[in-house]
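K.L.:
There's a structure below that I have some questions on.
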Amino acid sequence: MSQPSAKKPLGGLDAKLAGSPFFYGWVVVAIVFVTMGIGVNVRTAFSLLFPAILDEYGWDRATTAAAFSIGFAVAAFLSPLVGKLLEYIAPKYLLSISAISVSAGLVLSTYATEPWHFYLTLGVLMVGTGIVVTYVGQSMFLPNWFQRKRGLAIGLAFSGVGIGSIILMPLIQETIDLEGWRQACWLMAILLLTIVLPLNFFLQRKEPADLGLYPDGDFSPEDAIAQGHKIAADPVVDVQWVQTDWTILKAMKTVTFWWMSLACFSALYVWYAVQVHQTKYLIEIGFSYIQAAFALGLVGFAGVLSQIYLGHLSDRLGREWVWSISLLGFMICSFLLLAMETTPSLTMMYAMVILQGIGYGAATVYGSMPADVFQGKGYGVIFGMISTMALIGGAVGPWLTGLFYDNSGNYHIAFYVVIGMSALSIFAVWMAAPRKKRLVAGQAEKRAARLQSI
């Protein structure tokens with residue numbers, strides 16, 4: 001999150017980008033929007049491939065779902081490494097490599113015949129190396145472009161997942177139904193190589209300083225004063241904390257780091273435990289394949305408005321409140337999933353989808369909260385380590401949920417665990433208390449108004 005250098009010469013494409021009539025950070029948001037719309041939904045589509053692979057090979061659910069879990073374990077290992085690499089390598093290169101490796105995993109999976117083949121292809125390559133084109137990789141540089149509007153910008157960018165899901169999920173399911181899951185894998189690989197790869201390689205940038213700009217498109221503090229522009233209210237609460245040159249070792253010595261990691265661990269456990277098993281569960285309790293696929297896509301679509309609105313709300317009320325609202329959505333969603341086993345109505349399914357979509361609002365806080373607290377050169381590695389903890393939760397969730405089913409023949413225990421983990425995540429984020437380090441814009445403005453009135 002460096003400041004621009006007035007002496008840094010810009011030439012060629014960078015000069016044209018810097019001269020854009022509007023702040024280039026919004027172009028970055030648009031690129032992330034498209035990248036996430038394809039990249040995240042390619043990973044989510046494992047839930048659609050899951051029943052087809054089970055039907056073809058007859059393996060138990062824990063063994064098959066382990067491909068997703070192994071991929072998340074690999075992603076957890078890679079996350080801090082990606083954060084460190086971003087200190088030296090422009091994100092466009094890492095994003096391009098990721099798009100190519102995920103495509104390779106999808107194509108190679110069409111030749112798989114054993115579980116370990118899927119562990120390497122759909123697991124290591126698709127889910128594991130795909131971490132760069134999804135939430136974690138994007139959150140390592142997107143927050144650089146915004147401070148005052150960080151939650152809104154991330155909410156808009158991440159809402160691409162929802163738009164992509166409502167388009168891609170039915171398309172992928174229809175491809176599976178008509179031509180088989182292998183052809184669906186080829187379709188996803190082509191989308192990555194023809195859209196995500198060139199878009200990021202040519203147009204993506206790491207931070208506003210690369211183009212001689214400031215976050216949010218603001219003037220420099222000196223220019224703002226000289227031209228009489230309003231200066232944003234000071235968000236700092238803990239001066240000593242904010243002035244610390246954070247490294248991963250320093251961060252890991254704080255309780256804030258561990259509470260934040262626990263909040264993210266339990267949230268991703270919940271997120272992927274439900275997401276991976278939802279399609280198969282809905283089919284088993286009486287919904288059709290296309291209804292189950294539409295539900296998965298509609299979850300993401302419901303998350304579009306949730307992420308945009310809750311992202312903006314997190315800039316006004318604070319990250320803790322929005323995180324709590326989102327995880328409460330997952331808790332109620334899990335109660336509805338349990339209830340639908342005996343009363344599988346479409347009305348209840350749509351209510352479950354909306355609540356799960358609200359749960360997606362946590363993604364905007366996941367992408368902005370660590371940046372609020374641990375700003376500085378070492379942020380990428382710190383966020384990478386927090387993501388490692390989170391991704392372990394994402395890895396354990398689908399596997400343990402499958403194991404609960406295999407042992408009991410139903411998802412009762414699994415969904416009750418999801419409810420408990422949701423409550424734990426809410427508790428942990430309030431204990432992490434990012435508001436005690438740096439306020440969001442709305443909180444800072446209220447504090448400034450209160451001080452002026454005294």
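Just so we're on the same page: first chain in the structure tokens is A, next is B, and so on; residues restart at 1 for each chain, and ligands are numbered from 1 in the order they show up.
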Can you pull out every residue from range 146-371 of chain A that DSSP, working from the backbone, puts in alpha helix (DSSP H), and format the result as a ChimeraX atom specification?
P.N.:
/A:150-158,160-179,181-191,197-203,221-226,239-243,248-252,255-284,289-316,319-339,346-359,362-371
K.L.:
Could you give me, as a list in words, the residues within 10 Å of Leu310 in chain A, counting only C-alpha atoms and dropping anything in the same chain fewer than 3 positions from it?
P.N.:
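Result of the neighbour search: Gly151, Leu152, Gly155, Gly303, Val304, Leu305, Ser306, Gln307, Leu313, Ser314, Asp315, Arg316, Leu317, Arg319, Trp321, Val322, Trp323, Ile325, Ser326, Ile358, Tyr360, Gly361, Ala362, Ala363, Thr364 and Val365 of chain A.
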K.L.:
For the selection you just gave me, I'd like the residues written to a file as an mmCIF file, in the first residue's frame, keeping N, CA, C and O atoms.
P.N.:
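part_39.cif, written as the output of this step:
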```
data_model
loop_
_atom_site.group_PDB
_atom_site.id
_atom_site.type_symbol
_atom_site.label_atom_id
_atom_site.label_comp_id
_atom_site.auth_asym_id
_atom_site.auth_seq_id
_atom_site.Cartn_x
_atom_site.Cartn_y
_atom_site.Cartn_z
ATOM 1 N N GLY A 151 -14.936 -1.415 1.613
ATOM 2 C CA GLY A 151 -15.980 -2.434 1.691
ATOM 3 C C GLY A 151 -16.872 -2.432 0.470
ATOM 4 O O GLY A 151 -17.213 -3.493 -0.064
ATOM 5 N N LEU A 152 -17.272 -1.253 0.007
ATOM 6 C CA LEU A 152 -18.115 -1.149 -1.178
ATOM 7 C C LEU A 152 -17.405 -1.692 -2.411
ATOM 8 O O LEU A 152 -17.989 -2.462 -3.195
ATOM 9 N N GLY A 155 -17.157 -5.380 -2.192
ATOM 10 C CA GLY A 155 -18.485 -5.944 -2.390
ATOM 11 C C GLY A 155 -18.889 -5.969 -3.845
ATOM 12 O O GLY A 155 -19.435 -6.962 -4.343
ATOM 13 N N GLY A 303 -26.460 -13.498 -3.381
ATOM 14 C CA GLY A 303 -25.320 -12.872 -2.735
ATOM 15 C C GLY A 303 -24.852 -11.598 -3.402
ATOM 16 O O GLY A 303 -24.078 -10.840 -2.812
ATOM 17 N N VAL A 304 -25.321 -11.321 -4.629
ATOM 18 C CA VAL A 304 -24.885 -10.119 -5.345
ATOM 19 C C VAL A 304 -25.289 -8.865 -4.588
ATOM 20 O O VAL A 304 -24.454 -8.050 -4.186
ATOM 21 N N LEU A 305 -26.600 -8.695 -4.383
ATOM 22 C CA LEU A 305 -27.072 -7.522 -3.651
ATOM 23 C C LEU A 305 -26.564 -7.539 -2.220
ATOM 24 O O LEU A 305 -26.268 -6.484 -1.645
ATOM 25 N N SER A 306 -26.469 -8.741 -1.655
ATOM 26 C CA SER A 306 -25.961 -8.866 -0.286
ATOM 27 C C SER A 306 -24.542 -8.332 -0.186
ATOM 28 O O SER A 306 -24.223 -7.533 0.709
ATOM 29 N N GLN A 307 -23.678 -8.745 -1.107
ATOM 30 C CA GLN A 307 -22.288 -8.317 -1.036
ATOM 31 C C GLN A 307 -22.135 -6.824 -1.291
ATOM 32 O O GLN A 307 -21.361 -6.149 -0.610
ATOM 33 N N LEU A 313 -22.402 -1.219 3.740
ATOM 34 C CA LEU A 313 -22.791 -1.100 5.144
ATOM 35 C C LEU A 313 -21.598 -1.278 6.077
ATOM 36 O O LEU A 313 -21.500 -0.624 7.120
ATOM 37 N N SER A 314 -20.669 -2.155 5.681
ATOM 38 C CA SER A 314 -19.484 -2.363 6.524
ATOM 39 C C SER A 314 -18.596 -1.125 6.564
ATOM 40 O O SER A 314 -17.855 -0.921 7.525
ATOM 41 N N ASP A 315 -18.655 -0.280 5.512
ATOM 42 C CA ASP A 315 -17.930 0.992 5.521
ATOM 43 C C ASP A 315 -18.599 2.021 6.415
ATOM 44 O O ASP A 315 -17.989 3.031 6.774
ATOM 45 N N ARG A 316 -19.872 1.791 6.741
ATOM 46 C CA ARG A 316 -20.616 2.736 7.571
ATOM 47 C C ARG A 316 -20.715 2.267 9.019
ATOM 48 O O ARG A 316 -20.485 3.037 9.945
ATOM 49 N N LEU A 317 -21.072 1.004 9.233
ATOM 50 C CA LEU A 317 -21.311 0.504 10.590
ATOM 51 C C LEU A 317 -20.113 -0.191 11.211
ATOM 52 O O LEU A 317 -19.982 -0.209 12.435
ATOM 53 N N ARG A 319 -16.975 -3.595 10.392
ATOM 54 C CA ARG A 319 -16.856 -4.964 9.848
ATOM 55 C C ARG A 319 -17.544 -6.003 10.737
ATOM 56 O O ARG A 319 -18.110 -6.975 10.248
ATOM 57 N N TRP A 321 -20.279 -5.926 12.576
ATOM 58 C CA TRP A 321 -21.728 -6.032 12.424
ATOM 59 C C TRP A 321 -22.101 -6.799 11.160
ATOM 60 O O TRP A 321 -22.995 -7.658 11.172
ATOM 61 N N VAL A 322 -21.440 -6.495 10.074
ATOM 62 C CA VAL A 322 -21.761 -7.160 8.806
ATOM 63 C C VAL A 322 -21.372 -8.638 8.850
ATOM 64 O O VAL A 322 -22.098 -9.505 8.343
ATOM 65 N N TRP A 323 -20.246 -8.935 9.458
ATOM 66 C CA TRP A 323 -19.835 -10.338 9.611
ATOM 67 C C TRP A 323 -20.898 -11.103 10.398
ATOM 68 O O TRP A 323 -21.275 -12.232 10.037
ATOM 69 N N ILE A 325 -24.144 -10.394 10.773
ATOM 70 C CA ILE A 325 -25.357 -10.547 9.960
ATOM 71 C C ILE A 325 -25.196 -11.707 8.978
ATOM 72 O O ILE A 325 -26.096 -12.535 8.798
ATOM 73 N N SER A 326 -24.032 -11.776 8.342
ATOM 74 C CA SER A 326 -23.776 -12.809 7.339
ATOM 75 C C SER A 326 -23.781 -14.205 7.942
ATOM 76 O O SER A 326 -24.409 -15.131 7.399
ATOM 77 N N ILE A 358 -27.183 -14.049 1.889
ATOM 78 C CA ILE A 358 -26.782 -13.068 2.905
ATOM 79 C C ILE A 358 -25.467 -13.482 3.545
ATOM 80 O O ILE A 358 -24.605 -12.652 3.842
ATOM 81 N N TYR A 360 -23.055 -14.782 2.125
ATOM 82 C CA TYR A 360 -21.961 -14.421 1.238
ATOM 83 C C TYR A 360 -21.427 -13.021 1.523
ATOM 84 O O TYR A 360 -20.324 -12.666 1.097
ATOM 85 N N GLY A 361 -22.215 -12.205 2.234
ATOM 86 C CA GLY A 361 -21.750 -10.865 2.589
ATOM 87 C C GLY A 361 -20.490 -10.872 3.421
ATOM 88 O O GLY A 361 -19.747 -9.883 3.450
ATOM 89 N N ALA A 362 -20.223 -11.984 4.102
ATOM 90 C CA ALA A 362 -19.006 -12.087 4.905
ATOM 91 C C ALA A 362 -17.754 -11.980 4.039
ATOM 92 O O ALA A 362 -16.688 -11.589 4.527
ATOM 93 N N ALA A 363 -17.882 -12.312 2.748
ATOM 94 C CA ALA A 363 -16.715 -12.262 1.860
ATOM 95 C C ALA A 363 -16.156 -10.853 1.753
ATOM 96 O O ALA A 363 -14.944 -10.661 1.641
ATOM 97 N N THR A 364 -17.036 -9.827 1.791
ATOM 98 C CA THR A 364 -16.550 -8.450 1.680
ATOM 99 C C THR A 364 -15.726 -8.074 2.907
ATOM 100 O O THR A 364 -14.741 -7.343 2.800
ATOM 101 N N VAL A 365 -16.136 -8.577 4.067
ATOM 102 C CA VAL A 365 -15.388 -8.298 5.302
ATOM 103 C C VAL A 365 -14.090 -9.099 5.308
ATOM 104 O O VAL A 365 -13.046 -8.601 5.728
#
```
K.L.:
Output as a Markdown table one row per residue of range 255-316 of chain A within 8 Å of range 34-48 of chain A: the closest atom pair and its distance in Å to one decimal place, counting only C-alpha atoms, sorted by chain and residue number ascending.
P.N.:
```
| residue | atom | partner | partner_atom | distance |
| --- | --- | --- | --- | --- |
| A:Gln275 | CA | A:Ser47 | CA | 7.0 |
| A:Val276 | CA | A:Ser47 | CA | 4.8 |
| A:His277 | CA | A:Ser47 | CA | 6.7 |
| A:Gln278 | CA | A:Ser47 | CA | 7.6 |
| A:Thr279 | CA | A:Ser47 | CA | 6.3 |
| A:Lys280 | CA | A:Ser47 | CA | 7.8 |
| A:Ala293 | CA | A:Leu48 | CA | 6.9 |
```
K.L.:
Those residues you just picked out, can you put them in a file as a PDB file, in the first residue's frame with C-alpha atoms?
P.N.:
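Contents of again-v6.pdb, as written:
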```
ATOM      1  CA  GLN A 275     -21.874 -25.478  -0.624  1.00  0.00           C
ATOM      2  CA  VAL A 276     -20.241 -28.772  -1.605  1.00  0.00           C
ATOM      3  CA  HIS A 277     -23.005 -31.012  -0.241  1.00  0.00           C
ATOM      4  CA  GLN A 278     -26.033 -28.829  -0.960  1.00  0.00           C
ATOM      5  CA  THR A 279     -26.727 -30.081  -4.495  1.00  0.00           C
ATOM      6  CA  LYS A 280     -26.617 -33.777  -3.596  1.00  0.00           C
ATOM      7  CA  ALA A 293     -28.339 -26.660  -9.832  1.00  0.00           C
TER       8      ALA A 293
END
```
K.L.:
CA of His117 in chain A and CA of Thr63 in chain A are how many Å apart?
P.N.:
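Calculated distance between CA of His117 in chain A and CA of Thr63 in chain A is 12.1 Å.
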K.L.:
Pick out the closest residue to Gln443 in chain A from this set: A:Ala295, A:Val237, A:Leu192, A:Ala414. Count only C-alpha atoms.
P.N.:
A:Val237
K.L.:
May I ask which of the residues A:Ala448, A:Leu95, A:Leu327, A:Val74 is the closest one to Val429 in chain A, counting only C-alpha atoms?
P.N.:
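When distances to Val429 in chain A are compared using only C-alpha atoms, the smallest one comes from A:Leu327.
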K.L.:
Contacts between range 377-390 of chain A and range 111-205 of chain A, please, where a residue of range 111-205 of chain A counts if it comes within 12 Å (with only C-alpha atoms); show its shortest atom pair and distance in Å to one decimal, rows by chain and ascending number, as JSON lines.
P.N.:
```
{"residue": "A:Gly128", "atom": "CA", "partner": "A:Thr388", "partner_atom": "CA", "distance": 11.6}
{"residue": "A:Ile131", "atom": "CA", "partner": "A:Ser387", "partner_atom": "CA", "distance": 10.0}
{"residue": "A:Val132", "atom": "CA", "partner": "A:Gly384", "partner_atom": "CA", "distance": 10.8}
{"residue": "A:Thr134", "atom": "CA", "partner": "A:Ser387", "partner_atom": "CA", "distance": 11.8}
{"residue": "A:Tyr135", "atom": "CA", "partner": "A:Ser387", "partner_atom": "CA", "distance": 9.6}
{"residue": "A:Val136", "atom": "CA", "partner": "A:Ser387", "partner_atom": "CA", "distance": 6.7}
{"residue": "A:Gly137", "atom": "CA", "partner": "A:Gly384", "partner_atom": "CA", "distance": 8.6}
{"residue": "A:Gln138", "atom": "CA", "partner": "A:Gly380", "partner_atom": "CA", "distance": 10.7}
{"residue": "A:Ser139", "atom": "CA", "partner": "A:Phe383", "partner_atom": "CA", "distance": 8.3}
{"residue": "A:Met140", "atom": "CA", "partner": "A:Gly380", "partner_atom": "CA", "distance": 5.5}
{"residue": "A:Phe141", "atom": "CA", "partner": "A:Gly380", "partner_atom": "CA", "distance": 7.8}
{"residue": "A:Leu142", "atom": "CA", "partner": "A:Gly380", "partner_atom": "CA", "distance": 11.1}
{"residue": "A:Pro143", "atom": "CA", "partner": "A:Tyr379", "partner_atom": "CA", "distance": 10.5}
{"residue": "A:Asn144", "atom": "CA", "partner": "A:Tyr379", "partner_atom": "CA", "distance": 10.2}
```
K.L.:
Those selected residues, please, written with all heavy atoms and delivered as a compact mmCIF listing (two decimals), in the first residue's frame.
P.N.:
```txt
# COMPACT_ATOMS: atom_id res chain seq x y z
N GLY A 128 -6.62 -26.01 -5.67
CA GLY A 128 -5.40 -25.54 -5.01
C GLY A 128 -4.78 -24.32 -5.66
O GLY A 128 -4.72 -23.24 -5.07
N ILE A 131 -6.50 -20.72 -6.11
CA ILE A 131 -6.63 -19.77 -5.01
C ILE A 131 -6.32 -18.35 -5.46
O ILE A 131 -6.86 -17.37 -4.93
CB ILE A 131 -5.69 -20.18 -3.84
CG1 ILE A 131 -6.07 -19.44 -2.56
CG2 ILE A 131 -4.24 -19.95 -4.17
CD1 ILE A 131 -7.43 -19.79 -2.03
N VAL A 132 -5.48 -18.20 -6.47
CA VAL A 132 -5.08 -16.86 -6.91
C VAL A 132 -6.22 -16.13 -7.62
O VAL A 132 -6.37 -14.91 -7.47
CB VAL A 132 -3.84 -16.94 -7.84
CG1 VAL A 132 -3.38 -15.54 -8.23
CG2 VAL A 132 -2.71 -17.68 -7.15
N THR A 134 -9.37 -16.51 -7.06
CA THR A 134 -10.57 -16.45 -6.23
C THR A 134 -10.37 -15.45 -5.09
O THR A 134 -9.55 -14.55 -5.18
CB THR A 134 -10.92 -17.85 -5.70
OG1 THR A 134 -9.79 -18.41 -5.01
CG2 THR A 134 -11.27 -18.79 -6.85
N TYR A 135 -11.17 -15.57 -4.05
CA TYR A 135 -11.22 -14.57 -2.99
C TYR A 135 -9.87 -14.23 -2.39
O TYR A 135 -9.55 -13.05 -2.17
CB TYR A 135 -12.17 -15.04 -1.87
CG TYR A 135 -13.61 -15.09 -2.26
CD1 TYR A 135 -14.19 -16.28 -2.71
CD2 TYR A 135 -14.42 -13.96 -2.20
CE1 TYR A 135 -15.52 -16.34 -3.07
CE2 TYR A 135 -15.76 -14.00 -2.55
CZ TYR A 135 -16.31 -15.20 -2.99
OH TYR A 135 -17.63 -15.25 -3.35
N VAL A 136 -9.09 -15.24 -2.09
CA VAL A 136 -7.83 -15.00 -1.38
C VAL A 136 -6.86 -14.20 -2.22
O VAL A 136 -6.32 -13.17 -1.79
CB VAL A 136 -7.19 -16.34 -0.95
CG1 VAL A 136 -5.81 -16.10 -0.35
CG2 VAL A 136 -8.09 -17.05 0.05
N GLY A 137 -6.61 -14.64 -3.45
CA GLY A 137 -5.65 -13.94 -4.30
C GLY A 137 -6.07 -12.51 -4.59
O GLY A 137 -5.25 -11.58 -4.53
N GLN A 138 -7.35 -12.29 -4.87
CA GLN A 138 -7.82 -10.94 -5.18
C GLN A 138 -7.74 -10.03 -3.95
O GLN A 138 -7.46 -8.83 -4.08
CB GLN A 138 -9.28 -10.99 -5.68
CG GLN A 138 -9.54 -11.95 -6.81
CD GLN A 138 -8.89 -11.52 -8.13
OE1 GLN A 138 -8.43 -10.41 -8.28
NE2 GLN A 138 -8.86 -12.42 -9.09
N SER A 139 -7.97 -10.58 -2.77
CA SER A 139 -7.96 -9.78 -1.54
C SER A 139 -6.56 -9.35 -1.14
O SER A 139 -6.40 -8.52 -0.24
CB SER A 139 -8.60 -10.58 -0.39
OG SER A 139 -9.96 -10.84 -0.66
N MET A 140 -5.55 -9.90 -1.78
CA MET A 140 -4.18 -9.53 -1.44
C MET A 140 -3.75 -8.22 -2.09
O MET A 140 -2.76 -7.62 -1.68
CB MET A 140 -3.22 -10.64 -1.85
CG MET A 140 -3.30 -11.86 -0.95
SD MET A 140 -2.12 -13.14 -1.43
CE MET A 140 -2.44 -14.37 -0.16
N PHE A 141 -4.49 -7.77 -3.14
CA PHE A 141 -4.09 -6.50 -3.77
C PHE A 141 -5.25 -5.54 -3.99
O PHE A 141 -5.07 -4.33 -4.04
CB PHE A 141 -3.37 -6.75 -5.10
CG PHE A 141 -4.23 -7.30 -6.19
CD1 PHE A 141 -4.88 -6.44 -7.07
CD2 PHE A 141 -4.42 -8.67 -6.35
CE1 PHE A 141 -5.68 -6.93 -8.09
CE2 PHE A 141 -5.23 -9.16 -7.36
CZ PHE A 141 -5.86 -8.29 -8.24
N LEU A 142 -6.49 -6.05 -4.12
CA LEU A 142 -7.62 -5.17 -4.36
C LEU A 142 -7.80 -4.11 -3.26
O LEU A 142 -8.09 -2.95 -3.56
CB LEU A 142 -8.90 -5.99 -4.52
CG LEU A 142 -10.20 -5.20 -4.74
CD1 LEU A 142 -10.09 -4.28 -5.95
CD2 LEU A 142 -11.38 -6.15 -4.88
N PRO A 143 -7.63 -4.45 -1.96
CA PRO A 143 -7.79 -3.42 -0.92
C PRO A 143 -6.81 -2.25 -1.07
O PRO A 143 -7.06 -1.17 -0.53
CB PRO A 143 -7.53 -4.18 0.39
CG PRO A 143 -7.89 -5.59 0.08
CD PRO A 143 -7.44 -5.78 -1.36
N ASN A 144 -5.69 -2.47 -1.77
CA ASN A 144 -4.73 -1.38 -1.98
C ASN A 144 -5.37 -0.17 -2.65
O ASN A 144 -4.95 0.97 -2.42
CB ASN A 144 -3.57 -1.84 -2.86
CG ASN A 144 -2.73 -2.92 -2.24
OD1 ASN A 144 -2.80 -3.17 -1.06
ND2 ASN A 144 -1.92 -3.58 -3.06
```
K.L.:
Quick one: distance from CA of Asp245 in chain A to CA of Ala371 in chain A in Å, one decimal?
P.N.:
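Straight-line distance from CA of Asp245 in chain A to CA of Ala371 in chain A works out to 13.3 Å.
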K.L.:
Enter the distance from CA of Ala263 in chain A to CA of Ile332 in chain A, in Å, rounded to one decimal.
P.N.:
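These atoms are spaced 18.1 Å apart.
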K.L.:
Which polymer residues have any atom within 9 Å of an atom of Ala444 in chain A, counting only C-alpha atoms, with same-chain residues fewer than 3 positions away left out, as a PyMOL selection string?
P.N.:
chain A and resi 232-236+316+438-441+447-449
K.L.:
Counting only C-alpha atoms, figure out which residue out of A:Phe294, A:Met352, A:Lys16, A:Ile308 gets nearest to Gly160 in chain A.
P.N.:
A:Ile308
K.L.:
Which one is closest to Ile285 in chain A: A:Ser266, A:Thr254, A:Thr401, A:Ser345? Count only C-alpha atoms.
P.N.:
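Comparing A:Ser266, A:Thr254, A:Thr401, A:Ser345 against Ile285 in chain A, the winner is A:Ser345.
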K.L.:
If we count only C-alpha atoms, what is near Leu168 in chain A at a cut-off of 8 Å, once residues fewer than 2 positions away on the same chain are taken out, given as a PyMOL selection string?
P.N.:
chain A and resi 38+41+164-166+170-172+297
K.L.:
Please identify all polymer residues within 9 Å of Asn200 in chain A, counting only C-alpha atoms, omitting same-chain residues fewer than 3 positions from it, and present them as an MDAnalysis selection string.
P.N.:
chainID A and resid 31:32 35 91:93 95:96 195:197 203:205
K.L.:
Given the choices A:Ala267, A:Ile70, A:Leu86, A:Val418, which gets closest to Leu120 in chain A if the distance is worked out from only C-alpha atoms?
P.N.:
A:Ile70
K.L.:
Give the answer as one residue: which of A:Pro370, A:Gly12, A:Pro51, A:Gly393 has the shortest atom-to-atom distance to Ala292 in chain A, using only C-alpha atoms?
P.N.:
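Answer, going by the shortest atom-to-atom distance: A:Pro51.
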K.L.:
Name the residues in contact with Leu328 in chain A at a cut-off of 10 Å, using only C-alpha atoms, excluding same-chain residues fewer than 3 positions from it; report them as a ChimeraX atom specification.
P.N.:
/A:322-325,331-334,355-356,358-359,419,422-423,425-426
